[in-house]
Amino acid sequence: MSIYKATINDKAELAITEDIDIVQTGDGQYHALLDGKPFATVVASVDMASKEVVLKVNGKRKTVKLQDEYDILVKKMGLSANVAHKVSAIKAPMPGLVLSILVEAGQTVAQGEPMLILEAMKMENVIKSPGEGTVKKVVVEKGKPVDKGEVLIEMQ
């Protein structure tokens, strides 16, 4: 059984197992049943790089940071999985529409810095730099659709 740890608003911790009953009720909307308690949930944004999800749970905004078994093991060993590295390209993690471009050619970016906002399934997803580098070229244009895996920004 897979176990994930969720930290909610940097306070409460919750172990998530496959025993949670979740049903999608609409675009970005879910109904979850946890320990017999119902939760109406709307996904406001997802940041895959930092494993952070912003939800509205029963009408209240919650920021949830997820850790999988690997993250939990690394933390238990007293190590850090956050290693700064150079990247050559930023690619679209999913198909979507480019809402905003936050960087320009020649700009130096650090790991975790927001670079672009991509709308997918009516959710805004902040695409952050997975490592350090300098923007060589912004390949996409604001308002244009992109496919999964398409290069958005070239780095040097």
# chains A, B, ... in the order shown; residues from 1 in each chain; ligands from 1

call {"tool": "closest_atom_pairs", "arguments": {"of": "segment 10-84 of chain A", "to": "segment 122-141 of chain A", "cutoff": "10 Å", "atoms": "only C-alpha atoms", "output": "tab-separated table"}}
result
residue	atom	partner	partner_atom	distance
A:Asp27	CA	A:Lys122	CA	7.1
A:Gly28	CA	A:Met123	CA	7.2
A:Val42	CA	A:Met123	CA	10.0
A:Val43	CA	A:Met123	CA	7.4
A:Ala44	CA	A:Met123	CA	6.1
A:Ser45	CA	A:Glu124	CA	5.5
A:Val46	CA	A:Asn125	CA	5.4
A:Asp47	CA	A:Val126	CA	6.0
A:Met48	CA	A:Ile127	CA	8.0
A:Ala49	CA	A:Pro130	CA	6.5
A:Ser50	CA	A:Lys128	CA	8.4
A:Val53	CA	A:Asn125	CA	9.6
A:Asn82	CA	A:Gly131	CA	9.7
A:Val83	CA	A:Gly131	CA	8.2
A:Ala84	CA	A:Gly131	CA	5.3

call {"tool": "write_last_selection", "arguments": {"atoms": "C-alpha atoms", "output": "PDB file, in the first residue's frame"}}
result
ATOM      1  CA  ASP A  27     -13.591  20.045 -13.723  1.00  0.00           C
ATOM      2  CA  GLY A  28     -11.145  20.302 -10.819  1.00  0.00           C
ATOM      3  CA  VAL A  42     -11.837  22.117  -5.546  1.00  0.00           C
ATOM      4  CA  VAL A  43      -8.298  22.074  -6.984  1.00  0.00           C
ATOM      5  CA  ALA A  44      -7.206  25.723  -7.384  1.00  0.00           C
ATOM      6  CA  SER A  45      -3.618  25.137  -8.571  1.00  0.00           C
ATOM      7  CA  VAL A  46      -0.987  22.418  -8.876  1.00  0.00           C
ATOM      8  CA  ASP A  47       2.791  22.858  -8.812  1.00  0.00           C
ATOM      9  CA  MET A  48       4.357  19.556  -9.819  1.00  0.00           C
ATOM     10  CA  ALA A  49       7.943  20.690  -9.217  1.00  0.00           C
ATOM     11  CA  SER A  50       7.420  21.520  -5.551  1.00  0.00           C
ATOM     12  CA  VAL A  53      -1.423  21.792  -4.369  1.00  0.00           C
ATOM     13  CA  ASN A  82      16.732  19.325  -3.105  1.00  0.00           C
ATOM     14  CA  VAL A  83      19.826  19.477  -5.267  1.00  0.00           C
ATOM     15  CA  ALA A  84      20.269  22.538  -7.464  1.00  0.00           C
TER      16      ALA A  84
END

call {"tool": "closest_residue", "arguments": {"among": "A:Asp10, A:Lys5, A:Asp147, A:Thr25", "to": "Lys75 of chain A", "atoms": "only C-alpha atoms"}}
result
A:Lys5

call {"tool": "select_by_dssp", "arguments": {"residues": "segment 17-98 of chain A", "states": "strand (DSSP E or B)", "output": "VMD selection string"}}
result
chain A and resid 21 to 26 29 to 34 37 to 47 52 to 57 60 to 67 86 89 to 91 96 to 98

call {"tool": "write_last_selection", "arguments": {"atoms": "N, CA and C atoms", "output": "short mmCIF file (atom, residue, chain, number, x, y, z; two decimals), in the first residue's frame"}}
result
data_model
loop_
_atom_site.label_atom_id
_atom_site.label_comp_id
_atom_site.auth_asym_id
_atom_site.auth_seq_id
_atom_site.Cartn_x
_atom_site.Cartn_y
_atom_site.Cartn_z
N ASP A 21 -11.45 7.56 -0.36
CA ASP A 21 -12.43 7.43 -1.44
C ASP A 21 -12.62 8.80 -2.08
N ILE A 22 -12.20 8.95 -3.34
CA ILE A 22 -12.29 10.23 -4.04
C ILE A 22 -13.04 10.02 -5.34
N VAL A 23 -14.02 10.91 -5.59
CA VAL A 23 -14.81 10.86 -6.82
C VAL A 23 -14.78 12.24 -7.46
N GLN A 24 -14.45 12.30 -8.76
CA GLN A 24 -14.45 13.58 -9.46
C GLN A 24 -15.89 13.95 -9.78
N THR A 25 -16.28 15.19 -9.43
CA THR A 25 -17.65 15.64 -9.64
C THR A 25 -17.75 16.71 -10.72
N GLY A 26 -16.62 17.18 -11.22
CA GLY A 26 -16.58 18.22 -12.25
C GLY A 26 -15.14 18.58 -12.55
N GLN A 29 -13.09 19.53 -9.55
CA GLN A 29 -13.91 19.40 -8.36
C GLN A 29 -14.03 17.94 -7.97
N TYR A 30 -13.91 17.68 -6.66
CA TYR A 30 -13.91 16.31 -6.17
C TYR A 30 -14.73 16.21 -4.89
N HIS A 31 -15.17 15.00 -4.61
CA HIS A 31 -15.81 14.69 -3.33
C HIS A 31 -14.94 13.60 -2.71
N ALA A 32 -14.43 13.85 -1.51
CA ALA A 32 -13.55 12.89 -0.84
C ALA A 32 -14.21 12.42 0.45
N LEU A 33 -13.96 11.16 0.78
CA LEU A 33 -14.45 10.58 2.03
C LEU A 33 -13.23 10.04 2.76
N LEU A 34 -12.92 10.62 3.92
CA LEU A 34 -11.76 10.23 4.70
C LEU A 34 -12.21 9.95 6.13
N LYS A 37 -15.69 10.96 6.96
CA LYS A 37 -16.06 12.38 6.90
C LYS A 37 -16.01 12.85 5.45
N PRO A 38 -17.08 13.54 4.99
CA PRO A 38 -17.11 14.02 3.60
C PRO A 38 -16.39 15.37 3.45
N PHE A 39 -15.73 15.55 2.30
CA PHE A 39 -15.03 16.79 2.00
C PHE A 39 -15.30 17.17 0.54
N ALA A 40 -15.91 18.35 0.33
CA ALA A 40 -16.07 18.91 -1.02
C ALA A 40 -14.77 19.64 -1.33
N THR A 41 -14.11 19.25 -2.42
CA THR A 41 -12.77 19.76 -2.70
C THR A 41 -12.69 20.31 -4.12
N VAL A 42 -12.09 21.51 -4.25
CA VAL A 42 -11.84 22.12 -5.55
C VAL A 42 -10.33 22.33 -5.65
N VAL A 43 -9.73 21.88 -6.76
CA VAL A 43 -8.30 22.07 -6.98
C VAL A 43 -8.10 23.45 -7.62
N ALA A 44 -7.43 24.36 -6.89
CA ALA A 44 -7.21 25.72 -7.38
C ALA A 44 -5.94 25.81 -8.23
N SER A 45 -4.85 25.14 -7.78
CA SER A 45 -3.62 25.14 -8.57
C SER A 45 -2.76 23.94 -8.17
N VAL A 46 -1.89 23.55 -9.10
CA VAL A 46 -0.99 22.42 -8.88
C VAL A 46 0.41 22.83 -9.33
N ASP A 47 1.40 22.60 -8.46
CA ASP A 47 2.79 22.86 -8.81
C ASP A 47 3.53 21.53 -8.68
N GLU A 52 3.22 20.84 -4.58
CA GLU A 52 2.33 21.67 -3.79
C GLU A 52 1.02 21.86 -4.53
N VAL A 53 -0.09 21.67 -3.80
CA VAL A 53 -1.42 21.79 -4.37
C VAL A 53 -2.21 22.78 -3.51
N VAL A 54 -2.91 23.70 -4.16
CA VAL A 54 -3.78 24.62 -3.43
C VAL A 54 -5.21 24.12 -3.66
N LEU A 55 -5.90 23.86 -2.56
CA LEU A 55 -7.26 23.31 -2.59
C LEU A 55 -8.22 24.22 -1.85
N LYS A 56 -9.49 24.12 -2.20
CA LYS A 56 -10.55 24.68 -1.38
C LYS A 56 -11.31 23.48 -0.86
N VAL A 57 -11.18 23.24 0.45
CA VAL A 57 -11.80 22.09 1.10
C VAL A 57 -12.97 22.60 1.94
N LYS A 60 -12.85 26.27 2.41
CA LYS A 60 -11.68 26.90 3.03
C LYS A 60 -10.43 26.58 2.21
N ARG A 61 -9.62 27.63 1.95
CA ARG A 61 -8.39 27.48 1.15
C ARG A 61 -7.31 26.77 1.96
N LYS A 62 -6.73 25.74 1.38
CA LYS A 62 -5.66 24.97 2.03
C LYS A 62 -4.51 24.78 1.05
N THR A 63 -3.29 24.99 1.52
CA THR A 63 -2.10 24.69 0.73
C THR A 63 -1.56 23.36 1.23
N VAL A 64 -1.46 22.40 0.32
CA VAL A 64 -1.06 21.04 0.70
C VAL A 64 0.27 20.72 0.03
N LYS A 65 1.27 20.36 0.85
CA LYS A 65 2.57 19.92 0.34
C LYS A 65 2.61 18.41 0.50
N LEU A 66 2.86 17.72 -0.60
CA LEU A 66 2.85 16.26 -0.60
C LEU A 66 4.25 15.69 -0.54
N GLN A 67 4.38 14.58 0.16
CA GLN A 67 5.64 13.83 0.20
C GLN A 67 5.30 12.38 -0.10
N LYS A 86 21.52 22.42 -13.22
CA LYS A 86 21.26 23.20 -14.42
C LYS A 86 20.28 22.44 -15.30
N ALA A 89 16.13 22.83 -20.82
CA ALA A 89 14.84 23.22 -21.38
C ALA A 89 13.74 23.01 -20.35
N ILE A 90 12.73 23.86 -20.41
CA ILE A 90 11.54 23.72 -19.60
C ILE A 90 10.45 23.22 -20.55
N LYS A 91 9.86 22.07 -20.22
CA LYS A 91 8.85 21.47 -21.10
C LYS A 91 7.49 21.47 -20.42
N GLY A 96 -1.98 22.49 -22.53
CA GLY A 96 -2.66 23.63 -21.93
C GLY A 96 -2.50 24.89 -22.75
N LEU A 97 -2.87 26.00 -22.15
CA LEU A 97 -2.83 27.31 -22.79
C LEU A 97 -1.88 28.20 -21.98
N VAL A 98 -0.95 28.87 -22.67
CA VAL A 98 0.00 29.75 -22.00
C VAL A 98 -0.74 31.03 -21.60
#

call {"tool": "atom_distance", "arguments": {"atom1": "atom CA of Lys76 of chain A", "atom2": "atom CA of Asn9 of chain A"}}
result
21.2 Å

call {"tool": "atom_distance", "arguments": {"atom1": "atom CA of Glu119 of chain A", "atom2": "atom CA of Val87 of chain A"}}
result
22.8 Å

call {"tool": "closest_residue", "arguments": {"among": "A:Asp71, A:Leu118, A:Pro145, A:Glu154", "to": "Gly106 of chain A", "atoms": "only C-alpha atoms"}}
result
A:Glu154

call {"tool": "select_by_dssp", "arguments": {"residues": "segment 3-115 of chain A", "states": "alpha helix (DSSP H)", "output": "PyMOL selection string"}}
result
chain A and resi 69-76

call {"tool": "atom_distance", "arguments": {"atom1": "atom CA of Met155 of chain A", "atom2": "atom CA of Ile117 of chain A"}}
result
17.3 Å

call {"tool": "decode", "arguments": {"residues": "segment 13-89 of chain A", "atoms": "C-alpha atoms", "output": "PDB file, in the first residue's frame"}}
result
ATOM      1  CA  GLU A  13       0.123  16.487   8.856  1.00  0.00           C
ATOM      2  CA  LEU A  14      -2.009  13.769   7.329  1.00  0.00           C
ATOM      3  CA  ALA A  15      -1.019  10.289   6.162  1.00  0.00           C
ATOM      4  CA  ILE A  16      -2.721   9.505   2.873  1.00  0.00           C
ATOM      5  CA  THR A  17      -3.218   5.898   1.847  1.00  0.00           C
ATOM      6  CA  GLU A  18      -5.122   4.228  -0.953  1.00  0.00           C
ATOM      7  CA  ASP A  19      -8.071   3.954   1.463  1.00  0.00           C
ATOM      8  CA  ILE A  20      -9.283   7.494   0.687  1.00  0.00           C
ATOM      9  CA  ASP A  21     -12.425   7.426  -1.442  1.00  0.00           C
ATOM     10  CA  ILE A  22     -12.288  10.232  -4.035  1.00  0.00           C
ATOM     11  CA  VAL A  23     -14.808  10.862  -6.822  1.00  0.00           C
ATOM     12  CA  GLN A  24     -14.450  13.580  -9.463  1.00  0.00           C
ATOM     13  CA  THR A  25     -17.654  15.638  -9.645  1.00  0.00           C
ATOM     14  CA  GLY A  26     -16.582  18.220 -12.253  1.00  0.00           C
ATOM     15  CA  ASP A  27     -13.591  20.045 -13.723  1.00  0.00           C
ATOM     16  CA  GLY A  28     -11.145  20.302 -10.819  1.00  0.00           C
ATOM     17  CA  GLN A  29     -13.913  19.402  -8.359  1.00  0.00           C
ATOM     18  CA  TYR A  30     -13.909  16.311  -6.168  1.00  0.00           C
ATOM     19  CA  HIS A  31     -15.807  14.688  -3.328  1.00  0.00           C
ATOM     20  CA  ALA A  32     -13.553  12.889  -0.843  1.00  0.00           C
ATOM     21  CA  LEU A  33     -14.448  10.580   2.027  1.00  0.00           C
ATOM     22  CA  LEU A  34     -11.755  10.234   4.703  1.00  0.00           C
ATOM     23  CA  ASP A  35     -12.401   8.339   7.924  1.00  0.00           C
ATOM     24  CA  GLY A  36     -16.143   8.574   7.235  1.00  0.00           C
ATOM     25  CA  LYS A  37     -16.059  12.377   6.901  1.00  0.00           C
ATOM     26  CA  PRO A  38     -17.105  14.019   3.597  1.00  0.00           C
ATOM     27  CA  PHE A  39     -15.035  16.793   1.995  1.00  0.00           C
ATOM     28  CA  ALA A  40     -16.067  18.907  -1.016  1.00  0.00           C
ATOM     29  CA  THR A  41     -12.774  19.764  -2.702  1.00  0.00           C
ATOM     30  CA  VAL A  42     -11.837  22.117  -5.546  1.00  0.00           C
ATOM     31  CA  VAL A  43      -8.298  22.074  -6.984  1.00  0.00           C
ATOM     32  CA  ALA A  44      -7.206  25.723  -7.384  1.00  0.00           C
ATOM     33  CA  SER A  45      -3.618  25.137  -8.571  1.00  0.00           C
ATOM     34  CA  VAL A  46      -0.987  22.418  -8.876  1.00  0.00           C
ATOM     35  CA  ASP A  47       2.791  22.858  -8.812  1.00  0.00           C
ATOM     36  CA  MET A  48       4.357  19.556  -9.819  1.00  0.00           C
ATOM     37  CA  ALA A  49       7.943  20.690  -9.217  1.00  0.00           C
ATOM     38  CA  SER A  50       7.420  21.520  -5.551  1.00  0.00           C
ATOM     39  CA  LYS A  51       4.641  18.931  -5.026  1.00  0.00           C
ATOM     40  CA  GLU A  52       2.334  21.670  -3.788  1.00  0.00           C
ATOM     41  CA  VAL A  53      -1.423  21.792  -4.369  1.00  0.00           C
ATOM     42  CA  VAL A  54      -3.782  24.616  -3.432  1.00  0.00           C
ATOM     43  CA  LEU A  55      -7.260  23.310  -2.592  1.00  0.00           C
ATOM     44  CA  LYS A  56     -10.553  24.684  -1.377  1.00  0.00           C
ATOM     45  CA  VAL A  57     -11.805  22.090   1.096  1.00  0.00           C
ATOM     46  CA  ASN A  58     -15.386  22.639   2.249  1.00  0.00           C
ATOM     47  CA  GLY A  59     -14.953  26.269   1.156  1.00  0.00           C
ATOM     48  CA  LYS A  60     -11.679  26.895   3.032  1.00  0.00           C
ATOM     49  CA  ARG A  61      -8.394  27.480   1.149  1.00  0.00           C
ATOM     50  CA  LYS A  62      -5.662  24.970   2.031  1.00  0.00           C
ATOM     51  CA  THR A  63      -2.100  24.689   0.730  1.00  0.00           C
ATOM     52  CA  VAL A  64      -1.057  21.045   0.699  1.00  0.00           C
ATOM     53  CA  LYS A  65       2.568  19.921   0.343  1.00  0.00           C
ATOM     54  CA  LEU A  66       2.845  16.263  -0.597  1.00  0.00           C
ATOM     55  CA  GLN A  67       5.637  13.833   0.197  1.00  0.00           C
ATOM     56  CA  ASP A  68       5.829  10.366  -1.316  1.00  0.00           C
ATOM     57  CA  GLU A  69       7.638   7.358   0.149  1.00  0.00           C
ATOM     58  CA  TYR A  70      10.956   8.535  -1.345  1.00  0.00           C
ATOM     59  CA  ASP A  71      10.635  12.018   0.199  1.00  0.00           C
ATOM     60  CA  ILE A  72       9.756  10.501   3.589  1.00  0.00           C
ATOM     61  CA  LEU A  73      12.754   8.133   3.444  1.00  0.00           C
ATOM     62  CA  VAL A  74      15.183  10.910   2.456  1.00  0.00           C
ATOM     63  CA  LYS A  75      13.916  13.106   5.323  1.00  0.00           C
ATOM     64  CA  LYS A  76      14.115  10.189   7.800  1.00  0.00           C
ATOM     65  CA  MET A  77      17.772   9.681   6.788  1.00  0.00           C
ATOM     66  CA  GLY A  78      18.461  13.357   7.500  1.00  0.00           C
ATOM     67  CA  LEU A  79      19.321  14.100   3.881  1.00  0.00           C
ATOM     68  CA  SER A  80      17.978  16.610   1.387  1.00  0.00           C
ATOM     69  CA  ALA A  81      16.573  15.683  -1.996  1.00  0.00           C
ATOM     70  CA  ASN A  82      16.732  19.325  -3.105  1.00  0.00           C
ATOM     71  CA  VAL A  83      19.826  19.477  -5.267  1.00  0.00           C
ATOM     72  CA  ALA A  84      20.269  22.538  -7.464  1.00  0.00           C
ATOM     73  CA  HIS A  85      21.060  21.562 -11.030  1.00  0.00           C
ATOM     74  CA  LYS A  86      21.257  23.203 -14.418  1.00  0.00           C
ATOM     75  CA  VAL A  87      18.491  22.603 -16.924  1.00  0.00           C
ATOM     76  CA  SER A  88      18.563  22.874 -20.706  1.00  0.00           C
ATOM     77  CA  ALA A  89      14.840  23.225 -21.383  1.00  0.00           C
TER      78      ALA A  89
END
